[in-house]
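S.K.: Dumping the structure here so I can ask a few things about it.
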Number of protein chains: 4
Amino acid sequence: MDLDRILAEIARDAPEAAAGGRVADYIPALGRVPANRFGMAAATLEGQLHRVGDADEGFSIQSVSKLFLLALVLPVVGKALWQRVGREPSGNPFNSLVQLEREQGIPRNPFINAGALVVVDVLLDTFADPLGELLGWLREESGDAAVEVDAEVAQSELDHADRNAALVHFMRSFGSVRNPVDRVLELYCRACAIRMSCAQLARAMLVLANHGVSPVSGRERMSRSRAKRINAVMLTCGTYDAAGEFAFRVGLPCKSGVGGGIVALIPGRLGLCAWSPPLDATGNSAAALAALDSFTTRTGWSVF
Amino acid sequence: MDLDRILAEIARDAPEAAAGGRVADYIPALGRVPANRFGMAAATLEGQLHRVGDADEGFSIQSVSKLFLLALVLPVVGKALWQRVGREPSGNPFNSLVQLEREQGIPRNPFINAGALVVVDVLLDTFADPLGELLGWLREESGDAAVEVDAEVAQSELDHADRNAALVHFMRSFGSVRNPVDRVLELYCRACAIRMSCAQLARAMLVLANHGVSPVSGRERMSRSRAKRINAVMLTCGTYDAAGEFAFRVGLPCKSGVGGGIVALIPGRLGLCAWSPPLDATGNSAAALAALDSFTTRTGWSVF
Amino acid sequence: MDLDRILAEIARDAPEAAAGGRVADYIPALGRVPANRFGMAAATLEGQLHRVGDADEGFSIQSVSKLFLLALVLPVVGKALWQRVGREPSGNPFNSLVQLEREQGIPRNPFINAGALVVVDVLLDTFADPLGELLGWLREESGDAAVEVDAEVAQSELDHADRNAALVHFMRSFGSVRNPVDRVLELYCRACAIRMSCAQLARAMLVLANHGVSPVSGRERMSRSRAKRINAVMLTCGTYDAAGEFAFRVGLPCKSGVGGGIVALIPGRLGLCAWSPPLDATGNSAAALAALDSFTTRTGWSVF
Amino acid sequence: MDLDRILAEIARDAPEAAAGGRVADYIPALGRVPANRFGMAAATLEGQLHRVGDADEGFSIQSVSKLFLLALVLPVVGKALWQRVGREPSGNPFNSLVQLEREQGIPRNPFINAGALVVVDVLLDTFADPLGELLGWLREESGDAAVEVDAEVAQSELDHADRNAALVHFMRSFGSVRNPVDRVLELYCRACAIRMSCAQLARAMLVLANHGVSPVSGRERMSRSRAKRINAVMLTCGTYDAAGEFAFRVGLPCKSGVGGGIVALIPGRLGLCAWSPPLDATGNSAAALAALDSFTTRTGWSVF
């Protein structure tokens with residue numbers, strides 16, 4: 001399989017795929033990112049890295065951080081986490097309060113905002129320096145010690161955090177978040193504001209592609225069974241209200257962010273990341289989705 | 001891998017798994033099925049059939065029929081079907097009208113009642129004798145020409161069809177169902193009332209396990225890509241509001257019915273079916289779910 | 001108070017008030033009514049009848065019939081009715097299924113479609129000839145023996161009854177409607193298709209304006225307390241999701257229909273009816289609402 | 001009409017009416033109020049004050065303050081207020097976020113928490129010392145210069161304000177609240193924590209009973225038309241999701257609070273207040289509702 005040729009073909013089609021989308025602009029720092037950027041990277045278990053376009057340019061990982069927050073906390077806290085957050089698709093826009101009200105403050109899954117805020121609440125009780133732990137994990141697994149929070153984006157997120165503040169206060173009223181609102185929001189916003197490239201993210205996905213044992217850091221980050229289960233939650237819940245669409249078109253566990261990045265993995269084979277800032281109506285990067293769709297069509301690789 | 005030994009171990013644990021559940025009794029004919037039945041079968045692409053317990057006893061396939069209705073119509077109608085029914089998880093109990101109202105009569109996916117009723121509406125416009133086509137398909141793929149509708153169950157379903165009649169009338173008011181209400185309900189209820197055994201169903205799943213080409217009938221029922229996509233919809237939508245739970249615990253495309261049967265498949269390997277009448281709170285067979293969970297844990301096979 | 005002068009002034013402003021509205025056209029017979037019709041009538045307890053414009057032209061009373069269905073059944077069935085239908089505002093579009101699902105098939109009040117269908121179900125168990133009883137009541141109270149169902153409209157309603165059929169089937173699934181669906185729909189559609197004029201309707205409202213004792217027929221139709229309570233339900237629930245707006249602007253118990261008619265009353269004083277076919281976004285006649293608003297402003301009469 | 005005798009009879013029945021209820025205990029200071037307190041007062045336009053039981057004991061007015069906040073701001077801000085808050089019944093529990101989300105951050109009416117928080121936001125932009133204005137209004141209209149905020153209750157409210165904080169943050173995300181969250185919550189909680197007696201509240205209601213001109217202070221607080229409209233909003237929206245029940249049973253504009261107080265008025269006649277701490281399932285005082293029901297039944301006075 002000539003992955004470099006496949007990536008080149010995908011990159012050629014990216015501008016057309018991105019055409020209908022809109023760059024997220026709810027914070028100025030995101031709105032300034034050029035709409036025409038496109039990058040993609042595929043990291044193999046054997047250590048090869050295939051890349052195309054702007055695959056080495058850093059971008060705001062945004063909700064992709066929700067995956068790493070989960071991967072960080074689950075091996076430490078274990079099953080008890082599932083008492084505090086569910087693992088069912090939400091069937092609703094990503095920041096909806098409706099379902100949260102009906103389900104008494106227990107978020108549907110760790111990949112909607114409410115669920116990630118609960119994960120952050122748990123992290124605050126688990127680690128003395130949870131942001132340090134997260135950055136340490138990402139630096140080791142991406143193989144780049146320079147991974148860092150973009151301070152301007154983090155501040156901008158905090159300045160526009162009313163909706164997430166509403167979620168945290170609401171869940172506190174049910175007792176499902178326990179730490180002070182400010183601490184929860186600060187860690188959440190900083191994690192969203194981490195800056196990484198496609199190449200770094202593709203490498204960081206290898207832990208989950210390799211069933212918990214990282215070929216980059218050499219560490220066993222979690223058990224085989226736990227890695228599979230995180231992959232399952234990604235596939236059913238990783239892309240807001242478009243999880244069915246992603247499973248149908250891409251057929252891989254994916255996690256997207258409003259910065260335009262989407263990470264994915266092929267169990268036993270590859271870590272993947274595609275990036276293009278313009279988003280479609282469901283809040284997922286239009287060209288990154290098309291790129292992953294095209295990748296699985298051309299390679300014939302999917303979990304089904 | 002000694003599948004016979006694994007099935008035997010699973011059968012040993014089944015009574016405990018079934019203990020908390022409740023046999024569906026909304027129609028008398030279902031309520032009369034003994035709660036202590038358990039069967040399981042695994043059919044390999046190579047033609048072996050492993051079975052345990054009551055694997056040859058027929059039961060009402062109920063919503064498992066939704067999978068075969070889709071598999072029958074999709075290759076004929078093609079992509080146009082997705083204009084009439086979505087493919088996103090519903091995030092709501094299986095017969096909820098709320099989402100249908102919000103989404104203007106377009107059901108979320110073909111595996112909730114509303115979606116299957118649309119599929120039935122399409123089938124009525126596609127085949128002169130849609131029930132005959134369905135039975136023909138199932139007889140060939142199960143390798144048993146005796147597969148038949150249970151007439152008593154079918155009549156009982158029709159006598160208790162108010163909620164489905166409400167769905168059909170409601171969708172007709174949006175124009176998303178077009179045939180007369182009675183014809184839609186009759187075909188739907190007859191399909192639900194088909195009687196099959198675990199062994200028959202496990203064999204019938206091989207079309208989807210083998211990417212569209214049946215090793216039983218020898219027919220190419222659909223393209224490789226279409227088979228994969230049906231599997232993806234099963235995984236994200238096949239088990240009502242427990243799709244996340246199934247993906248997490250079982251990690252395979254599954255479709256369940258209130259008769260207590262659950263079918264599943266391992267791409268490139270196996271067709272599976274487990275059966276136990278008592279249902280859990282989400283409407284899925286408690287012991288059949290536990291059996292599939294145990295099967296993937298013991299074999300290490302999952303799509304993730 | 002010179003009511004004739006006041007009605008004349010109101011009629012002068014009616015064309016402007018009607019300008020933004022849309023004539024209901026979900027059935028052809030309604031859509032054919034000229035948009036520029038306007039009539040209004042005020043009947044006093046003392047027997048005077050003031051009228052303006054097309055106050056003697058018959059129109060389809062539509063949901064105004066819900067008021068008379070309630071006034072007919074409540075004195076016979078008594079408090080037990082409130083076990084089967086609530087009396088809270090719906091806070092939702094008039095034919096929404098959402099609330100009905102959440103509240104287990106008990107409609108919020110007798111003035112939304114679902115609630116009126118339950119009232120019809122009760123009427124079928126109460127009278128041998130419920131339509132005859134209803135027409136008898138209306139003929140006596142309007143003082144016109146010619147009040148009749150418009151057969152063309154009734155048939156047209158029945159031909160477009162999918163949404164109401166959905167409601168009836170849905171409520172049957174909860175056990176809150178018990179008669180056959182066809183009988184319920186037929187009586188409901190015939191009642192909606194009754195044809196009356198503003199003058200007739202204003203007179204028919206005097207029973208409720210006079211606390212249960214009709215100055216037209218001389219009959220005590222219900223107790224003083226029951227008449228007050230029907231008026232209370234009208235004020236809080238009589239105008240779909242605009243009950244607050246009506247109370248705020250008009251300050252009287254009102255009941256509207258998509259035929260463009262709105263009936264109202266001033267306790268101890270008057271029966272009222274205004275009619276103009278074009279409806280506003282909430283499904284109420286724009287010019288009839290403006291006419292009632294203007295009437296209470298000019299006379300200074302309101303219940304507050 | 002011997003109002004003293006009527007009040008005495010009502011007081012005699014109060015313990016039975018209170019029996020099923022539960023004293024609000026979400027903040028400790030409220031939970032400590034003895035469940036067996038009952039008081040009622042009726043103030044006439046002519047200056048008489050009838051009272052029974054604990055009618056002079058102060059209690060926490062809680063949501064009754066929402067009425068006075070509206071009465072204070074509406075004459076100053078005028079119609080523009082209705083751009084920021086609706087006047088339709090909510091049809092939902094009083095602190096639900098669902099409707100707010102569907103209606104883009106515009107609360108349904110000023111008597112649910114979200115709506116009162118918007119009124120507070122407007123008050124902060126209208127007066128330099130809004131709490132001082134409110135207390136001044138209440139002191140003048142109750143005829144008691146000692147009316148004051150209960151500082152312990154106010155602090156306790158602020159310590160348990162997560163759900164209201166969620167509402168304010170959520171509305172800020174829609175731009176429908178503009179002041180800092182802390183300032184909004186502080187004024188809101190202090191207003192809720194005002195301590196008044198039945199006698200004081202009954203007198204304060206005379207402004208609205210007398211169409212805007214207070215017989216206590218002699219001031220014209222608002223126009224006749226505006227007073228009527230506030231009364232209309234009270235009747236349709238003043239008692240959470242039980243507005244229909246109150247209109248049906250009491251037939252008067254009412255506003256209740258979780259402190260167990262309910263104020264009401266008879267236009268052109270009386271201001272009323274009943275108080276008993278135990279609440280029914282809809283959050284309204286069980287015995288105070290029964291007292292007002294009994295009062296209108298015994299006097300025959302209602303707006304219908």
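Following the order of the structure tokens, chains are lettered A, B, ..., residues in each are numbered from 1, and ligands are numbered from 1.
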I'd like the contact shell of Asp2 (chain D) - 10 Å cut-off, only C-alpha atoms, skipping same-chain residues fewer than 3 positions apart - returned as number ranges by chain.
M.R.: D: 5-7, 50, 299
S.K.: Go ahead and write the residues just picked, all heavy atoms, as an mmCIF file, in the first residue's frame.
M.R.:
data_model
loop_
_atom_site.group_PDB
_atom_site.id
_atom_site.type_symbol
_atom_site.label_atom_id
_atom_site.label_comp_id
_atom_site.auth_asym_id
_atom_site.auth_seq_id
_atom_site.Cartn_x
_atom_site.Cartn_y
_atom_site.Cartn_z
ATOM 1 N N ARG D 5 -65.195 36.191 59.820
ATOM 2 C CA ARG D 5 -65.713 34.846 60.041
ATOM 3 C C ARG D 5 -65.153 33.866 58.982
ATOM 4 O O ARG D 5 -64.738 32.747 59.287
ATOM 5 C CB ARG D 5 -67.242 34.855 59.983
ATOM 6 C CG ARG D 5 -67.881 33.507 60.375
ATOM 7 C CD ARG D 5 -69.405 33.567 60.316
ATOM 8 N NE ARG D 5 -69.908 34.076 59.059
ATOM 9 C CZ ARG D 5 -69.966 33.379 57.915
ATOM 10 N NH1 ARG D 5 -69.542 32.127 57.877
ATOM 11 N NH2 ARG D 5 -70.443 33.930 56.816
ATOM 12 N N ILE D 6 -65.146 34.326 57.748
ATOM 13 C CA ILE D 6 -64.625 33.477 56.669
ATOM 14 C C ILE D 6 -63.159 33.115 56.915
ATOM 15 O O ILE D 6 -62.765 31.942 56.798
ATOM 16 C CB ILE D 6 -64.817 34.185 55.300
ATOM 17 C CG1 ILE D 6 -66.312 34.189 54.949
ATOM 18 C CG2 ILE D 6 -63.976 33.529 54.223
ATOM 19 C CD1 ILE D 6 -66.656 34.981 53.696
ATOM 20 N N LEU D 7 -62.347 34.096 57.297
ATOM 21 C CA LEU D 7 -60.936 33.799 57.577
ATOM 22 C C LEU D 7 -60.802 32.806 58.730
ATOM 23 O O LEU D 7 -59.957 31.907 58.702
ATOM 24 C CB LEU D 7 -60.160 35.089 57.893
ATOM 25 C CG LEU D 7 -59.948 36.064 56.727
ATOM 26 C CD1 LEU D 7 -59.053 37.223 57.165
ATOM 27 C CD2 LEU D 7 -59.348 35.378 55.506
ATOM 28 N N HIS D 50 -58.250 42.586 57.444
ATOM 29 C CA HIS D 50 -58.737 41.399 58.140
ATOM 30 C C HIS D 50 -57.586 40.405 58.214
ATOM 31 O O HIS D 50 -56.859 40.248 57.249
ATOM 32 C CB HIS D 50 -59.913 40.780 57.373
ATOM 33 C CG HIS D 50 -61.020 41.757 57.127
ATOM 34 N ND1 HIS D 50 -62.051 41.967 58.010
ATOM 35 C CD2 HIS D 50 -61.227 42.627 56.110
ATOM 36 C CE1 HIS D 50 -62.855 42.897 57.540
ATOM 37 N NE2 HIS D 50 -62.380 43.322 56.390
ATOM 38 N N THR D 299 -66.717 33.450 49.350
ATOM 39 C CA THR D 299 -67.158 34.820 49.035
ATOM 40 C C THR D 299 -67.868 34.886 47.688
ATOM 41 O O THR D 299 -68.605 35.837 47.418
ATOM 42 C CB THR D 299 -65.957 35.787 48.955
ATOM 43 O OG1 THR D 299 -65.058 35.290 47.944
ATOM 44 C CG2 THR D 299 -65.223 35.871 50.285
#
S.K.: Residues of chain C that approach chain B to 7 Å or less, counting only C-alpha atoms: could you list each one with the shortest pair of atoms and its distance in Å to one decimal, rows by chain and increasing residue number, as a tab-separated table?
M.R.:
residue	atom	partner	partner_atom	distance
C:Leu97	CA	B:Leu97	CA	6.8
C:Val98	CA	B:Val98	CA	5.3
C:Asp162	CA	B:His169	CA	4.8
C:Arg163	CA	B:Phe170	CA	5.2
C:Ala165	CA	B:His169	CA	6.2
C:Ala166	CA	B:Ala166	CA	3.8
C:Leu167	CA	B:Ala166	CA	6.5
C:His169	CA	B:Asp162	CA	4.8
C:Phe170	CA	B:Ala166	CA	5.2
C:Arg172	CA	B:Asp162	CA	6.4
C:Ser173	CA	B:Asp162	CA	5.3
S.K.: Put those residues in a file: all heavy atoms, as a short mmCIF file (atom, residue, chain, number, x, y, z; two decimals), in the first residue's frame.
M.R.:
data_model
loop_
_atom_site.label_atom_id
_atom_site.label_comp_id
_atom_site.auth_asym_id
_atom_site.auth_seq_id
_atom_site.Cartn_x
_atom_site.Cartn_y
_atom_site.Cartn_z
N LEU C 97 -46.69 16.22 20.21
CA LEU C 97 -46.77 14.92 20.86
C LEU C 97 -45.82 14.79 22.03
O LEU C 97 -45.91 13.86 22.82
CB LEU C 97 -46.44 13.82 19.84
CG LEU C 97 -47.50 13.56 18.78
CD1 LEU C 97 -46.90 12.88 17.58
CD2 LEU C 97 -48.60 12.68 19.37
N VAL C 98 -44.91 15.74 22.13
CA VAL C 98 -43.85 15.61 23.13
C VAL C 98 -44.42 15.54 24.54
O VAL C 98 -44.14 14.62 25.31
CB VAL C 98 -42.89 16.81 23.04
CG1 VAL C 98 -41.81 16.70 24.11
CG2 VAL C 98 -42.25 16.87 21.67
N ASP C 162 -54.30 12.56 9.45
CA ASP C 162 -53.20 11.70 9.89
C ASP C 162 -52.62 12.10 11.24
O ASP C 162 -52.30 11.25 12.07
CB ASP C 162 -52.08 11.67 8.85
CG ASP C 162 -52.29 10.54 7.84
OD1 ASP C 162 -52.57 9.41 8.27
OD2 ASP C 162 -52.20 10.80 6.63
N ARG C 163 -52.47 13.40 11.45
CA ARG C 163 -51.85 13.82 12.70
C ARG C 163 -52.78 13.55 13.90
O ARG C 163 -52.35 13.08 14.93
CB ARG C 163 -51.52 15.31 12.62
CG ARG C 163 -50.41 15.73 13.50
CD ARG C 163 -49.91 17.09 13.12
NE ARG C 163 -48.73 16.98 12.31
CZ ARG C 163 -47.51 17.30 12.78
NH1 ARG C 163 -47.37 17.75 14.01
NH2 ARG C 163 -46.45 17.18 12.02
N ALA C 165 -55.08 11.21 13.87
CA ALA C 165 -55.10 9.75 13.99
C ALA C 165 -53.88 9.28 14.78
O ALA C 165 -53.97 8.37 15.61
CB ALA C 165 -55.11 9.10 12.61
N ALA C 166 -52.73 9.91 14.55
CA ALA C 166 -51.53 9.57 15.32
C ALA C 166 -51.78 9.82 16.81
O ALA C 166 -51.44 8.99 17.65
CB ALA C 166 -50.33 10.38 14.83
N LEU C 167 -52.39 10.97 17.13
CA LEU C 167 -52.69 11.28 18.53
C LEU C 167 -53.60 10.22 19.15
O LEU C 167 -53.37 9.76 20.27
CB LEU C 167 -53.36 12.65 18.65
CG LEU C 167 -52.46 13.88 18.43
CD1 LEU C 167 -53.31 15.14 18.34
CD2 LEU C 167 -51.46 14.00 19.57
N HIS C 169 -54.24 7.06 18.19
CA HIS C 169 -53.54 5.78 18.35
C HIS C 169 -52.55 5.85 19.52
O HIS C 169 -52.43 4.92 20.30
CB HIS C 169 -52.77 5.41 17.07
CG HIS C 169 -53.61 4.75 16.03
ND1 HIS C 169 -54.12 3.47 16.18
CD2 HIS C 169 -54.04 5.17 14.82
CE1 HIS C 169 -54.82 3.14 15.09
NE2 HIS C 169 -54.78 4.15 14.26
N PHE C 170 -51.85 6.94 19.61
CA PHE C 170 -50.85 7.10 20.66
C PHE C 170 -51.53 7.06 22.03
O PHE C 170 -51.07 6.36 22.95
CB PHE C 170 -50.13 8.43 20.45
CG PHE C 170 -48.90 8.61 21.28
CD1 PHE C 170 -47.90 7.65 21.29
CD2 PHE C 170 -48.73 9.75 22.04
CE1 PHE C 170 -46.76 7.84 22.05
CE2 PHE C 170 -47.59 9.94 22.80
CZ PHE C 170 -46.60 8.98 22.80
N ARG C 172 -54.42 5.72 22.68
CA ARG C 172 -54.93 4.37 22.89
C ARG C 172 -53.83 3.46 23.45
O ARG C 172 -54.09 2.59 24.27
CB ARG C 172 -55.46 3.78 21.58
CG ARG C 172 -56.92 4.13 21.30
CD ARG C 172 -57.35 3.62 19.94
NE ARG C 172 -57.25 2.18 19.87
CZ ARG C 172 -58.25 1.33 20.17
NH1 ARG C 172 -59.42 1.80 20.54
NH2 ARG C 172 -58.08 0.03 20.08
N SER C 173 -52.58 3.69 23.01
CA SER C 173 -51.48 2.85 23.50
C SER C 173 -51.25 3.08 25.00
O SER C 173 -50.69 2.23 25.68
CB SER C 173 -50.20 3.09 22.70
OG SER C 173 -49.58 4.29 23.09
#
S.K.: What is the CA of Leu185 (chain A) to CA of Ser63 (chain A) distance in Å?
M.R.: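 We find that CA of Leu185 (chain A) and CA of Ser63 (chain A) lie 13.8 Å from each other.
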S.K.: Within 12 Å of Phe295 (chain D), counting only C-alpha atoms, which residues qualify if same-chain residues fewer than 5 places away don't, as a PyMOL selection string?
M.R.: chain D and resi 1-11+13+40-42+249-252+264-266+270+272-274+287-290+300-302
S.K.: For Asp54 (chain A), list every protein, DNA or RNA residue within 6 Å, evaluated using only C-alpha atoms, and leave out those in the same chain fewer than 3 positions away; present the list as a compact mmCIF listing (two decimals) with N, CA and C atoms, in the first residue's frame.
M.R.:
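Saved file part.txt follows:
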# COMPACT_ATOMS: atom_id res chain seq x y z
N PHE A 38 -4.43 22.69 5.07
CA PHE A 38 -4.80 21.28 5.10
C PHE A 38 -3.56 20.44 5.38
N GLY A 39 -3.67 19.53 6.31
CA GLY A 39 -2.57 18.62 6.58
C GLY A 39 -3.12 17.25 6.95
N GLU A 57 2.26 21.80 10.90
CA GLU A 57 1.85 23.09 11.47
C GLU A 57 0.97 22.84 12.71
S.K.: Of the candidates A:Arg37, A:Leu124, A:Glu103, A:Val303, which one gets nearest to Arg183 (chain A) if we count only C-alpha atoms?
M.R.: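 Of A:Arg37, A:Leu124, A:Glu103, A:Val303, the one nearest Arg183 (chain A), counting only C-alpha atoms, is A:Leu124.
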S.K.: Of the residues C:Asn109, C:Ser142, C:Ser217, C:Thr236, which is the one nearest to Lys66 (chain C), using only C-alpha atoms?
M.R.: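 Ranked by minimum distance to Lys66 (chain C), first place goes to C:Asn109.
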S.K.: Give the strand (DSSP E) residues of region 13-256 of chain C, as assigned by DSSP on the backbone, as a ChimeraX atom specification.
M.R.: /C:22-23,39-44,49-53,59-60,148-149,194-196,254-256
S.K.: May I ask for the distance between CA of Ile106 (chain C) and CA of Gly244 (chain D), given in Å to one decimal place?
M.R.: 15.0 Å
